[in-house]
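Enquirer: Let me give you the structure first, and then I'll get to my questions.
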2 protein chains.
Amino acid sequence: MKSKEKILNAALLLYNEQGIRNITTRHIAASIGMSGGNLHYHFKHTEDIIRALFDELALAYDGLMANAQSVPLDLSAIAFLTESSFKLVNKYRFIFINFVEIGNWIPEIRDAYYQLIRKREQQFLKVFENLIANGIFRDDIPTSNKSGLVKQFFIINDFWLSHNELTDQHVGEDALNEYQNAIDVLLWPYLKRHQ
Amino acid sequence: MKSKEKILNAALLLYNEQGIRNITTRHIAASIGMSGGNLHYHFKHTEDIIRALFDELALAYDGLMANAQSVPLDLSAIAFLTESSFKLVNKYRFIFINFVEIGNWIPEIRDAYYQLIRKREQQFLKVFENLIANGIFRDDIPTSNKSGLVKQFFIINDFWLSHNELTDQHVGEDALNEYQNAIDVLLWPYLKRHQ
């Protein structure tokens with residue numbers, strides 16, 4: 001594994017376990033037996049490490065969406081997309097738990113997220129149209145509700161972990177099941193068979 | 001105005017404007033021309049101020065729910081409840097923007113929130129049943145979806161501001177309209193007339 005990758009993996013682990021305010025580049029270097037100088041050669045500032053992890057997440061999500069657009073969409077494809085989405089959110093959980101703080105601290109990330117969410121909105125609207133065309137979703141949904149539903153998906157997707165932290169604190173399979181349930185409830189009334 | 005009330009109003013203003021990490025009890029005291037000793041007489045720790053503000057919020061929300069349960073529920077009552085709810089969230093915005101952090105920092109608040117959300121769930125389920133009985137909501141919603149929808153309302157209600165911070169950053173009337181729109185989209189497919 002390359003040094004850069006090693007640093008990012010170690011940083012992700014520490015941020016997820018101990019939060020962004022308790023971890024310095026020194027902790028990250030020490031956890032993989034690397035000198036501070038060597039880490040500094042790869043990442044000048046903490047912000048650069050967090051930015052690189054955010055980019056990893058965005059790239060992985062791009063792959064997920066490309067995959068979703070290449071298969072015929074039915075309910076099992078949606079369940080697979082939901083599961084993969086949750087696994088990504090959970091892998092990079094420190095970002096979602098501290099999203100507003102990170103966005104204020106590193107404006108580049110906020111800007112990148114804002115661009116990204118607009119791209120995703122278009123992608124999800126296409127998924128939506130596909131599900132209507134395939135007879136899975138009802139076909140009488142007003143246009144304004146479609147983008148509204150996509151926004152709702154983003155809020156649930158991006159803040160479900162925060163809600164969970166404040167309430168049930170589910171972990172592992174339980175967390176996945178609860179998240180999946182939240183998405184199912186969101187989609188339930190849009191299914192043609194429940195019209 | 002009593003000193004205690006003065007301190008809480010000043011703290012709310014400063015936390016909302018400048019965040020919880022940049023404001024000390026010293027700043028709060030200075031902003032109302034009070035000595036640090038006098039403030040300390042009323043609130044021993046920063047945590048006590050934040051706890052008191054959380055309690056104010058919870059109490060105001062209790063009033064809102066009591067009111068909602070005392071009037072016949074129709075769509076205009078729902079719109080009024082939504083608007084009042086948003087105004088409260090916006091008034092105490094620093095709590096919602098930093099909710100996970102505050103919950104980890106002050107476990108009493110996390111515990112109180114957890115109790116509260118379970119009480120609210122029961123209250124909202126009653127509102128739900130009322131809307132079904134009044135012929136406004138469709139009557140074929142599975143029981144598990146009802147509590148799922150209530151959870152969804154909590155996630156949208158509690159994290160809409162965070163999502164807004166990261167994206168459009170609407171303020172004032174615009175923010176209220178966008179929030180109201182998010183709730184309308186959530187309810188749209190549950191209305192009997194859209195079945």
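If you're wondering about the labels, chains in the structure tokens are A, B, ... by order shown, residues count from 1 in each chain, ligands from 1 in order shown.
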Which chain B residues are at most 9 Å from chain A (counting only C-alpha atoms), as a ChimeraX atom specification?
Expert: /B:97-101,103-104,110-111,113-115,117,140-141,144-146,148-149,151-152,154-156,158-160,162-163,165-168,181-182,184-186,188-190,194-195
Enquirer: Would you list the contacts of B:Glu56 as a list in words, taking every protein, DNA or RNA residue within 12 Å and counting only C-alpha atoms, but skipping same-chain residues closer than 3 positions in sequence?
Expert: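 That gives Glu5, Leu8, Asn9, Leu12, Ile49, Ile50, Arg51, Ala52, Leu53, Leu59, Ala60, Tyr61, Asp62, Gly63, Leu88, Val89, Lys91, Tyr92 and Ile95 of chain B.
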Enquirer: Go ahead and compute the interatomic distance for atom CA of B:Phe54 and atom CA of B:Leu176, in Å to one decimal.
Expert: 21.5 Å
Enquirer: Within 12 Å of B:Ala133, counting only C-alpha atoms, which residues qualify if same-chain residues fewer than 5 places away don't, as a ChimeraX atom specification?
Expert: /B:72-74,126-128,138-140,192
Enquirer: Neighbours of A:His27 within 12 Å (only C-alpha atoms; same-chain residues fewer than 2 positions away dropped), as a list of chain:residue names?
Expert: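 Contacts, in chain order: A:Ile7, A:Ala10, A:Ala11, A:Leu12, A:Leu13, A:Leu14, A:Tyr15, A:Gln18, A:Ile20, A:Arg21, A:Asn22, A:Ile23, A:Thr24, A:Thr25, A:Ala29, A:Ala30, A:Ser31, A:Ile32, A:Gly33, A:Met34, A:Ser35, A:Gly36, A:Leu39, A:Thr46.
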